[in-house]
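Student: Got a structure for you, written out below as structure tokens; questions coming shortly.
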Amino acid sequence: MKRFLLCLCTVILATAMLAVGAFAAETVIYENDFSDASTISDFTQYSFEWAIKDGGLYYTGTKTNGSADFGHILWNGGSGLTDYIVEVDYMNVQTAGGIVFRCDLSKADETSNGYYGYLAFIANDAAKGAFGCPNTDGVWKNNINVGKSGNCNLGSNVHIKVTVKGNDIKVEMTNIDNGKTVYSYSYTIGSSEHDTANWASGTAGLRIRSDFASTSAKSANNAYFDNFRILTADSASEYVPTTPTTPTTPTTPTTPTTPSTPVVAKAIDTSNLVPVYTNTFDNAAAIADFTQYRGTWAVYQGKLFLSALAAGTQSYILYGGDMDLVTLEDYVVDVDMYNTQTQGGIIMCSDYANVTGDTDDGFMGYMMFISNDGTLGAIGAGLSDGKWYQGNIEVSKAVLSPGMDIHIQAAVKDGVVQITITELATGKVLWTHYEANDFWSSGTFGFRLRGKATNAGLDNLNTTAFDNLVISTFGEETEPTVVKLTIGETVGYINGVANTLDAAPIIRESRTMLPVRFVAEAFGATVGWDGATSTATLTTADTTIEITIGATTAKVNGQTVTLDAPAFIENSRTYLPVRFVAENLGATVAWDGATSTATLTK
């Protein structure tokens with residue numbers, strides 16, 4: 001995870017792309033962590049040559065316009081964007097650089113100020129933030145505002161965030177390394193004599209200066225940008241009021257409480273689940289225990305569909321039957337989602353007693369879902385005020401395409417949320433993500449669908465369907481089985497208990513080989529032997545391994561795989577490669593060279 005995410009844990013991700021002027025609060029318009037060099041094609045370069053390398057966006061040192069000291073790069077989309085949020089990490093700051101926004105793509109050129117929009121930037125001396133814009137002729141008319149020096153200098157790493165909504169602009173800059181504010185400024189478009197253009201719409205991008213003689217700073221291949229993101233602006237509450245409020249009399253400070261221990265996110269193990277509710281939507285009565293909000297849902301063709309919207313753009317349906325299920329804690333939702341189009345997915349931990357249905361986001365719980373354009377996976381939340389949690393908790397890269405049949409598994413346990421999206425036809429995992437989050441800890445489950453995404457021509461109504469719903473709780477955790485074997489020793493240990501082996505493990509051709517029966521049976525497998533073909537078969541409830549003596553390949557559940565060493569017979573005992581057997585029985589292998597001991601854990 002990049003430094004921006006580590007240091008700014010409150011910065012929010014969002015979902016997907018919508019039509020200009022019709023964005024929902026949860027929308028990510030565009031994002032790029034510059035890990036893929038080919039995504040440079042998403043931008044048009046001006047004045048300098050830019051390149052994506054080593055996980056960042058760099059100015060490489062070559063000018064395309066010999067007279068310009070500044071270069072800019074603009075996202076090719078968003079020519080009509082108006083209200084949005086732009087964020088980026090400006091890493092290893094050298095001299096001036098930052099975010100340009102509301103840029104007129106139709107006018108953009110290679111002159112120093114040829115982005116034709118606003119600029120929020122770190123100043124030439126790398127010590128402060130500033131804000132300004134050129135006029136309609138691309139001429140800079142002095143800075144609109146310059147901050148004070150401090151909390152930033154050469155080599156700093158700074159997170160820059162711009163929010164623009166209507167005539168209001170808010171610029172925030174934070175030192176990533178120490179969390180201190182570098183610059184904060186609110187501006188009303190048209191209120192400065194230096195702002196004669198009043199840029200009303202346009203795309204966003206980045207700008208940098210090549211060098212600054214006063215500090216001998218050079219940006220080429222030194223400074224870079226990372227974690228560039230454009231989101232929709234969702235609320236006027238994001239803007240700092242320009243009129244100062246009357247200070248209140250300070251109260252007596254209270255004694256600080258001891259902070260709670262933060263949740264350390266660890267992947268949720270869903271291998272041992274106990275189903276507590278299933279629904280295959282085989283008949284119309286299958287939704288009798290569900291309450292519908294803002295639309296009409298129906299069961300037909302053995303699946304659950306949203307057939308009509310009554311209000312807003314989203315409709316959801318929540319289970320309200322067995323109260324033990326309505327107030328579930330720590331559980332897993334599995335469902336198949338057919339012909340995925342625009343936004344939709346699983347709701348869980350919904351505060352059923354307080355759902356209002358007055359807003360599209362009033363389900364008060366988590367949502368694990370597919371984005372508006374049908375290409376991204378995401379985790380989000382509806383809050384207790386009926387609004388969407390600004391941005392999202394997490395958003396994937398593009399991993400799907402409209403029309404896919406997928407399986408979504410959503411899990412919540414011990415303050416961690418997790419989503420896994422799998423292609424239904426192949427079983428391929430398209431995206432999985434988990435992280436600590438405690439917005440909601442218990443509640444009911446259900447689904448939500450957007451009616452249409454008109455910008456993409458996508459329509460969920462009577463098109464996208466849910467099926468094979470399974471709600472599970474977590475089974476009792478069992479202690480792992482630990483097997484220890486030492487080369488040349490005829491005593492092996494299972495969870496610390498000594499057992500006599502019928503033959504000692506040995507090393508052949510740098511591979512540890514073991515007597516098969518002891519390890520197989522320790523991990524719950526049965527061992528069969530076919531003398532006619534000299535084949536050993538190890539079988540568990542879900543795995544069958546077939547290994548023939550002397551062969552360089554084996555079969556696991558019918559699929560041919562290559563062995564790292566062939567099996568052999570010595571002193572009437574069958575020896576198999578320890579790592580191959582253990583890992584295909586679901587165990588891990590650790591080797592201690594000092595004691596020549598293999599430890600197998602499952």
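Quick note on naming: the chains in the structure tokens go A, B, ... in the order shown, residues restart at 1 in each chain, and ligands are numbered from 1 in order of appearance.
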So that each row is one residue of range 446-500 of chain A with an atom at most 10 Å from range 301-322 of chain A, can you give its shortest atom pair and the distance in Å to one decimal, using only C-alpha atoms, rows by chain and rising number, as a Markdown table?

Tutor:
| residue | atom | partner | partner_atom | distance |
| --- | --- | --- | --- | --- |
| A:Gly446 | CA | A:Leu318 | CA | 4.3 |
| A:Phe447 | CA | A:Ile317 | CA | 5.5 |
| A:Arg448 | CA | A:Tyr316 | CA | 4.0 |
| A:Leu449 | CA | A:Ser315 | CA | 5.6 |
| A:Arg450 | CA | A:Gln314 | CA | 4.3 |
| A:Gly451 | CA | A:Thr313 | CA | 5.8 |
| A:Lys452 | CA | A:Thr313 | CA | 7.4 |
| A:Ala453 | CA | A:Thr313 | CA | 9.0 |
| A:Asn460 | CA | A:Leu306 | CA | 7.2 |
| A:Leu461 | CA | A:Ser307 | CA | 5.1 |
| A:Asn462 | CA | A:Ser307 | CA | 5.0 |
| A:Thr463 | CA | A:Phe305 | CA | 7.1 |
| A:Thr464 | CA | A:Phe305 | CA | 6.4 |
| A:Ala465 | CA | A:Phe305 | CA | 4.9 |
| A:Phe466 | CA | A:Leu304 | CA | 5.1 |
| A:Asp467 | CA | A:Lys303 | CA | 5.2 |
| A:Asn468 | CA | A:Lys303 | CA | 8.3 |

Student: Step one, run DSSP on the backbone; step two, keep only residues of range 273-320 of chain A assigned to helix (DSSP H, G or I); then write them as a list of chain:residue names.

Tutor: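 The helix (DSSP H, G or I) residues within range 273-320 of chain A come out as A:Ala284, A:Ala285, A:Ala286, A:Ile287.
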
Student: Please produce an output containing C-alpha atoms for each residue in the selection, written as a PDB file, in the first residue's frame.

Tutor:
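Everything below was put into again.pdb:
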ATOM      1  CA  ALA A 284     -42.694 -15.718  -5.556  1.00  0.00           C
ATOM      2  CA  ALA A 285     -43.011 -16.428  -1.831  1.00  0.00           C
ATOM      3  CA  ALA A 286     -39.220 -16.434  -1.560  1.00  0.00           C
ATOM      4  CA  ILE A 287     -39.221 -12.694  -0.797  1.00  0.00           C
TER       5      ILE A 287
END

Student: To one decimal in Å, tell me the separation between CA of Ile549 in chain A and CA of Gly593 in chain A.

Tutor: 27.3 Å

Student: Measuring atom to atom with only C-alpha atoms, identify which of A:Ile176, A:Ile370, A:Val412, A:Ile189 is nearest to Cys349 in chain A.

Tutor: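 Checking each of A:Ile176, A:Ile370, A:Val412, A:Ile189 against Cys349 in chain A, counting only C-alpha atoms, the winner is A:Val412.
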
Student: Would you mind reading off the distance between CA of Ile506 in chain A and CA of Lys555 in chain A, one decimal, in Å?

Tutor: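 Between CA of Ile506 in chain A and CA of Lys555 in chain A the gap is 23.4 Å.
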
Student: Name all residues at most 12 Å from Tyr30 in chain A (count only C-alpha atoms; drop same-chain ones fewer than 2 positions away) and give them as a PyMOL selection string.

Tutor: chain A and resi 13-18+27-28+32-33+39+42-43+75-78+81+84-88+203-205+227-232+373+376+395-398

Student: Determine the nearest neighbour of Tyr352 in chain A from the options A:Thr432, A:Thr196, A:Thr444, A:Thr111, counting only C-alpha atoms.

Tutor: A:Thr444

Student: How many Å lie between CA of Ile52 in chain A and CA of Lys428 in chain A, rounded to one decimal?

Tutor: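 The value is 29.0 Å.
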